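These notes are about the structure you will find just below.
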Amino acid sequence: RKISSYYEQMIYISKQDCDKKFNLYLLYPDQPKNSSANYSIHIDIYDKITLTYWASWYLPIPFQFLPVNRIATQLFIPDNPQSKSCSFFCGHHGQCVQYINTDSSYFCQCNSGYSGLNCQIKHNCSCSFDSFCLSSSICICSLYKFGEKCYLKHTVCQSLTNPCKNNGQCI
């Protein structure tokens, strides 16, 4: 049910990035696409400090050849984590949630270290211990870490003296 997992991590700060636009280019791993299949984009957001799941969006791709066309959307980030739930079975390693931008589309949000339609696939995670393991190849890094497996540190923000003024938060 997936072409492939794609990962792009962006840090969003509401006071700073409210009117900021992000441009992402998604490439298919192989061509041509199956013309009888439906394709979509799934976007997840997590709290940047606690790495807890916040919300997800579902964006259908209404045309067959994405590189020629563009999908533009605005993502309105809710003030509180998504609390809508559903009765879709997600096993013992996930929970069913509703997409924030639809009324009738649901999916399983898997716990760290699990993936699959019903969170039934356990994978070996090589992410750092303080990150969220989305899949065997995608790590969601904690606030002061970065890199493919979240082992690289932003040391300027971990100093004893905060380089930011007026109660700003270093990221």
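Residue names in the structure tokens use chain letters A, B, ... in the order shown, residue numbers from 1 in each chain, and ligand numbers from 1 in the order shown.
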Write out as a list in words each polymer residue whose atoms come within 10 Å of Cys127 in chain A, counting only C-alpha atoms; drop sequence neighbours fewer than 4 positions from it.
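Answer for this query is Gly113, Ser131, Phe132, Cys133, Leu134, Ser135, Ser136, Ser137, Ile138, Cys139, Ile140, Cys141, Gly147, Glu148, Lys149, Cys150 and Tyr151 of chain A.
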Skipping near chain neighbours, those fewer than 2 positions away, what residues fall within 10 Å of Leu51 in chain A using only C-alpha atoms, listed as a list of chain:residue names?
A:Ile45, A:Tyr46, A:Asp47, A:Lys48, A:Ile49, A:Tyr53, A:Trp54, A:Asp130, A:Ser131, A:Phe132, A:Ile140, A:Cys141, A:Ser142, A:Leu143
Tell me, as a list in words, which residues lie within 9 Å of range 100-107 of chain A, counting only C-alpha atoms; anything in the same chain fewer than 3 positions away does not count.
Ala55, Ser56, Trp57, Tyr58, Leu59, Leu75, Pro78, Gln82, Lys84, Ser85, Cys86, Phe88, Cys90, Gln95, Cys96, Val97, Leu117 and Asn118 of chain A
Could you please take those selected residues and save N, CA, C and O atoms as an mmCIF file, in the first residue's frame?
```
data_model
loop_
_atom_site.group_PDB
_atom_site.id
_atom_site.type_symbol
_atom_site.label_atom_id
_atom_site.label_comp_id
_atom_site.auth_asym_id
_atom_site.auth_seq_id
_atom_site.Cartn_x
_atom_site.Cartn_y
_atom_site.Cartn_z
ATOM 1 N N ALA A 55 -0.393 14.889 14.969
ATOM 2 C CA ALA A 55 -1.495 14.822 14.001
ATOM 3 C C ALA A 55 -0.974 14.310 12.664
ATOM 4 O O ALA A 55 0.239 14.242 12.442
ATOM 5 N N SER A 56 -1.911 13.974 11.761
ATOM 6 C CA SER A 56 -1.561 13.519 10.409
ATOM 7 C C SER A 56 -2.528 14.100 9.400
ATOM 8 O O SER A 56 -3.695 14.347 9.704
ATOM 9 N N TRP A 57 -2.028 14.266 8.182
ATOM 10 C CA TRP A 57 -2.832 14.743 7.064
ATOM 11 C C TRP A 57 -2.789 13.716 5.947
ATOM 12 O O TRP A 57 -1.782 13.035 5.763
ATOM 13 N N TYR A 58 -3.869 13.660 5.184
ATOM 14 C CA TYR A 58 -3.988 12.778 4.030
ATOM 15 C C TYR A 58 -4.207 13.649 2.806
ATOM 16 O O TYR A 58 -5.152 14.449 2.763
ATOM 17 N N LEU A 59 -3.317 13.527 1.816
ATOM 18 C CA LEU A 59 -3.420 14.313 0.585
ATOM 19 C C LEU A 59 -3.490 13.361 -0.599
ATOM 20 O O LEU A 59 -2.494 12.729 -0.949
ATOM 21 N N LEU A 75 -1.224 23.357 5.749
ATOM 22 C CA LEU A 75 -1.422 22.473 6.893
ATOM 23 C C LEU A 75 -1.683 23.351 8.113
ATOM 24 O O LEU A 75 -0.812 24.115 8.519
ATOM 25 N N PRO A 78 -2.997 22.017 14.741
ATOM 26 C CA PRO A 78 -3.867 22.270 15.894
ATOM 27 C C PRO A 78 -3.056 22.645 17.127
ATOM 28 O O PRO A 78 -1.879 22.309 17.246
ATOM 29 N N GLN A 82 -3.851 15.577 18.440
ATOM 30 C CA GLN A 82 -5.089 14.996 17.912
ATOM 31 C C GLN A 82 -5.648 14.004 18.910
ATOM 32 O O GLN A 82 -4.940 13.147 19.420
ATOM 33 N N LYS A 84 -8.976 12.578 18.235
ATOM 34 C CA LYS A 84 -10.000 11.769 17.584
ATOM 35 C C LYS A 84 -9.508 10.329 17.492
ATOM 36 O O LYS A 84 -8.366 10.081 17.151
ATOM 37 N N SER A 85 -10.358 9.396 17.811
ATOM 38 C CA SER A 85 -9.975 7.995 17.698
ATOM 39 C C SER A 85 -11.061 7.247 16.942
ATOM 40 O O SER A 85 -12.119 7.778 16.660
ATOM 41 N N CYS A 86 -10.788 5.997 16.627
ATOM 42 C CA CYS A 86 -11.726 5.199 15.843
ATOM 43 C C CYS A 86 -11.633 3.748 16.280
ATOM 44 O O CYS A 86 -10.845 3.400 17.147
ATOM 45 N N PHE A 88 -10.905 1.098 14.207
ATOM 46 C CA PHE A 88 -10.088 0.294 13.301
ATOM 47 C C PHE A 88 -9.064 -0.486 14.123
ATOM 48 O O PHE A 88 -8.411 0.065 15.001
ATOM 49 N N CYS A 90 -5.775 -2.035 15.326
ATOM 50 C CA CYS A 90 -4.346 -1.745 15.115
ATOM 51 C C CYS A 90 -3.447 -2.645 15.947
ATOM 52 O O CYS A 90 -2.268 -2.340 16.147
ATOM 53 N N GLN A 95 -2.385 2.593 17.584
ATOM 54 C CA GLN A 95 -3.739 3.057 17.842
ATOM 55 C C GLN A 95 -4.330 3.638 16.570
ATOM 56 O O GLN A 95 -3.619 4.180 15.736
ATOM 57 N N CYS A 96 -5.607 3.506 16.436
ATOM 58 C CA CYS A 96 -6.310 4.006 15.267
ATOM 59 C C CYS A 96 -6.592 5.492 15.464
ATOM 60 O O CYS A 96 -7.075 5.898 16.520
ATOM 61 N N VAL A 97 -6.255 6.293 14.473
ATOM 62 C CA VAL A 97 -6.525 7.728 14.530
ATOM 63 C C VAL A 97 -7.131 8.182 13.208
ATOM 64 O O VAL A 97 -6.964 7.537 12.174
ATOM 65 N N LEU A 117 0.357 -2.055 8.152
ATOM 66 C CA LEU A 117 -1.024 -1.594 8.105
ATOM 67 C C LEU A 117 -1.694 -1.672 9.476
ATOM 68 O O LEU A 117 -2.430 -0.790 9.877
ATOM 69 N N ASN A 118 -1.422 -2.739 10.228
ATOM 70 C CA ASN A 118 -1.992 -2.926 11.560
ATOM 71 C C ASN A 118 -0.916 -2.954 12.642
ATOM 72 O O ASN A 118 -1.109 -3.568 13.689
#
```
Report, in Å to a single decimal, how far apart CA of Gly94 in chain A and CA of Cys108 in chain A are.
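Separating CA of Cys108 in chain A from CA of Gly94 in chain A is a distance of 6.1 Å.
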Separation of CA of Lys153 in chain A from CA of Gln169 in chain A in Å
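Value for the CA of Gln169 in chain A-CA of Lys153 in chain A distance: 16.0 Å.
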